[in-house]
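Written out below as structure tokens is the structure these notes cover.
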Amino acid sequence: MMNYDFRDIEAKWQKYWAENETFKAINDSDKPKFYALSMFPYPSGAGLHVGHPLGYIATDIYSRYKRHKGFNVLHPMGYDSFGLPAEQYAIQTGQHPAITTENNIKRYREQLDRLGFSFDWSREVRTSNPGYYKWTQWIFIQLFNSWYNKSSDKAEAIEGLVSIFEKEGNATVEAVCDEDTPNFGAAEWNAFSEKEKQAILLKYRLTYLADTEVNWCPALGTVLANDEIVNGVSERGGHPVIRKKMTQWSMRITAYAQRLLDGLNKIDWPQPLKDSQTNWIGRSEGASVTFNVIPNEGVTLSAVEKSDTIEVFTTRPDTIFGVSFMTLAPEHDLVAKITTPEQKAEVEAYVEATAKRSERDRMADVKTISGVFTGAYAEHPFTKEPVPIWIGDYVLASYGTGAVMAVPCGDQRDYDFAKHYNIPIPNIFEGVDISEEAFADKETTIIANSDFLNGLSYKEATKKVIAELEKIGHGVGKVNYRLRDAVFSRQRYWGEPFPVYYVDGMPQMIDLEHLPLELPEVEKYLPTETGEPPLGNATTWAWDAKNNKVVSNDLVTLSAVEGSDKGDEMLKPRLTDGQEVQHDGHSELDSESHEGVYPLELNTMPGWAGSSQYFNRYMDPRNDEAIFSKEAIDYWQDVDLYIGGSEHATGHLLYSRFWQKFMFDRGYVSKDEYAQKLINQGMITGTSAFIYKDLDSNKVYSKGLKEGKNVIPIHADVSLVNASDELDVEAFKKWLPEYKDAEFILEDGKYIVGREVEKMSKSKYNVVNPDAICEEYGADSLRLYEMFLGPLEQSKPWNTAGITGVHSFLKKLWRLFEVIEDKEPTSDNLKTLHKTIKKVEEDIENFSFNTSVSTFMICVNELTAQKCTSKAIFEQLAILVSPYAPHIAEELWERLGHSESIAEAPFPKFEEKYLVESSKEYPISFNGKMRFKLEFPLDMGKDAIEEAVLAHEKTQEQLQGRTPKKVIVVPGKIVNIVG
RNA sequence: GCCUUGGUGGCGGAACUGGUAGACGCGCUGGAUUCAAAAUCCAGUGUCUUCGGACGUGUGGGUUCGAUUCCCACCCAAGGUACCA
């Protein structure tokens, strides 16, 4: 037999699988279905490193296992191919992101193909393909055409809402909608203009336009994410950043807050991931309470009306008698109105200072206590006492109502604030000392000094106070969520265009039959000079609503723009007086257009748009009539196993659940959770190598000699270091020529590097490329080794040295098949085989792939020792190994005389009878410590064993004359002697 | 701070519902083969030891005949999250 030539074998079978479409899934089969999904990658320019395939290998093993088990398996792969890096590269080089993306995908595909995955490539999707994003745009339109009915607790068609409005106005409608939605009757509705109706409906739609506060950098002309701002200025360029309201598309995900929470109970997802979604949604129960503002005395400028109230949300309404002040967020609408003239200057200065700080900055700085008194007072709803109103930046405008009732005795932040500004701290707790800190333990709370709440526990008091508040019309029990609606607009080029144009300032959807609306070509990928998104650079980006096509911007009606005589001016200066332009992403010139040509939306969709339904699109990816056919979704239903990284916990994995629930509500899918089981594979970290450069000389010390020297560690490329941490000094000098003349101080003739586990990254020179490993050891070795490294979900360091272990296992396996004979297996052969079947099957079901690799090693070692040549044994073994090391398994299967692929060979059946033993080697322990072993038949009784053990000379030796107090015999397990 | 996960030889990691701690592999040591190397094979490898044994799963307690496993308190690490009212 030839040597194990993995290069030929792997190339041969990869070609075979591709040519025979071995892993093509069909949408209709008598077999039970199984849908195994790996999170699709963003095709980055760096290609795959050794950490990426971990999850793919696991999914692939499970998929192949399920095929052996007789399932019709859907195991697709695709690319999340819209994204920032390709756009940034375009900005730098001018190369179109589509080209960059195409090149990167090609590289990814080559790398993936080398690893022998059983993907059904005929179903590949790319989020940046118009044929794919047509359906992303379609979902957007479905969301636009839906509202959330709280009575039925689901999304419904907007037409239904319109017909209610026509008959009875909106008084009876229980909907999730904007806060500022006005009340109207049927007559009023019917009298509204079309534009007014559209404006009202926008407050109900599940995707809607809203003024959202963003970090705006005027100098850069762009919106910045929180982490792009450092110390209040832009990370790039150090320009000032302000908080600004901009009109952006938003998704009403908050409508689904409770269902997203409840759904977690019925899916098998990792606890940490569920916890982080739970925290992110942030449900808190309490009450909404209103305080009336007391009109200022003798104030002219800031006269407060009697109707002005401050609404607060509190989780501790039971402590309402402990309120000694209120705090508003500096951005709160009432601040300007209620501030007294004496406090005006101070308040304005504070508000301005706060606006300069990013929200992240404010939140990070927990220690500084700051705030200003407004001079105004509110009236306590029960005691009618005046309560001073402060502003403070510890109260966030974006959470709750942007106002709190401060109870210093029961909340540490309120306590600290009160101490700092000498505000009284009334104690309303029975027998609690609050001289040092606030008391926040709900469980042991007994309310005191609180009128009708005295003597009550937290629970009783909460119930009673809410009832009282409702009685006097000052509050109501309420559930509040931390989850915010999701901003859906991005000022980027490389993303899905919105299927939206604007008529008279109102968004209009493009009909499905005219989709996809394809990304326009642009000269530059940067925002325009006036700060519009990159699509503002497109010259052919207007919608001809009569002919339903994209046309030149020149054709848009210009009547709205006074003094403008050039078409391409249209999307640029809206104002001629030098005022700042509002960068909404949608043009405001469109107020009156008569020719049927309208401006298109300039924003694009965010990264998570394309990934929120891709798992369903795989079911029927080439369908041009629908996102998927009814037959396809009815057959595949949902994902049975989803494997991917935990970094998507509060992004993709939350948004996609939201979209699935929406699709469920509207009847497109039959499951409201799309992934029954999810596993987060752990990160593979790199093992960096360091040399120690002396700061005072030209010397570089080996690890063991660096003590006491003034050295700094320098990263060395891990490929220059061998398994014993020895550095190839000559190669290092070649790699970093600046060390050409450095003196390397060796220990025992070797230069030993320092090691440290870090995240794999180019800059740390610890990236290990799978291509090189495949070349040297083969894909099967890599697959086995990645699994052998440790539990799938755990993060673990990569160390290439260990791969020789699994590689020599494969060579042993190869050699085991050297002689194949058609003869009866021995009982030892069968025992080894069935032990292995049992363990491997259990391991796969438990995703404990690392231990099955050990099991294979033990199996091959035993069969080799038994000099096994039995074809029957080998056939079963080849199938067992095939999910893990498919190439060698196919080759061996062929050698065993099969002409068909091993892919669907039935999985071996475990039979207990081969493992039955007649005797057991009992561990004999004394006080729980095992000392020696004795063999007894398994059918020997408890008493007989006890007698035999006690009679044994080794037992007497151990006891040294003592009489045992007790003897525990667990038949089949252990004997323990106490005494 | 809070939530979650984890802590076992030189290293990655095994150990089912409490029942022989350290499977399997790497590394290391010695040996065989070889002119030599690679490859391969064999033996050994938790610590200490007076060679009888003693001690050992982050630390300290507890439950138990028996604890890596269960309970309590604490320490450390990783990830998530945060003036959330």
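Labels for the structure tokens follow display order: chains A, B, ..., residues from 1 in each chain, ligands from 1.
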- [ ] Identify every residue of chain A that has at least one atom within 6 Å of any atom of chain B, counting only C-alpha atoms (C1' of nucleotides), and report the result as a count of residues only.
- [x] 11
Open item on the list: as a PyMOL selection string, please: every residue in region 759-848 of chain A that DSSP puts in helix (DSSP H, G or I).
Closed with: chain A and resi 762-764+770-777+779-788+800-816+827-845
Task: Shell around region 268-271 of chain A at 12 Å using only C-alpha atoms (C1' of nucleotides), local window under 3 positions removed, as a ChimeraX atom specification - done: /A:263-265,274-278,639-646,649,653,673-681,793 /B:3-5,80
Task: Contacts of region 55-67 of chain A at 8 Å (only C-alpha atoms (C1' of nucleotides); same-chain gap of 3+ positions) as a ChimeraX atom specification - done: /A:34,36-38,52,70-75,117-119,641-644,681,783,787,792,844,847,849,882-884,903-904,907
Open item on the list: Please list as a ChimeraX atom specification every residue within 7 Å of region 128-136 of chain A, counting only C-alpha atoms (C1' of nucleotides) and excluding residues in the same chain fewer than 2 positions away.
Closed with: /A:81-82,125-126,138-140,496,515-516,518,609-610,627
- [ ] Using only C-alpha atoms (C1' of nucleotides), determine which residues lie at most 8 Å from region 37-52 of chain B, disregarding the query and same-chain residues fewer than 3 positions distant; provide the list as a list in words.
- [x] G9, G22, C28, U29, G30, G31, A32, C55 and G56 of chain B
- [ ] Could you check which of B:A21, B:G10, B:C16, B:C2 is closest to U57 (chain B), using only C-alpha atoms (C1' of nucleotides)?
- [x]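 The shortest atom-to-atom distance to U57 (chain B) comes from B:A21.
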- [ ] Pick out the residues sitting within 7 Å of Pro520 (chain A), and hand them over as a list of chain:residue names; count only C-alpha atoms (C1' of nucleotides), and ignore anything fewer than 5 positions along from it in its own chain.
- [x]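 Those residues are A:Ala538, A:Thr540, A:Trp541.
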Open item on the list: Please compute the CA of Thr212 (chain A)-CA of Lys245 (chain A) distance, one decimal, in Å.
Closed with: 5.1 Å
Open item on the list: I'd like the interatomic distance between CA of Arg259 (chain A) and CA of Val289 (chain A), to a tenth of an Å.
Closed with: 25.7 Å
Open item on the list: Please determine, counting only C-alpha atoms, which residue among A:Lys31, A:Lys909, A:His807, A:His380 has the shortest atom-to-atom distance to Thr836 (chain A).
Closed with: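 Distance minimum relative to Thr836 (chain A) lands on A:Lys909.
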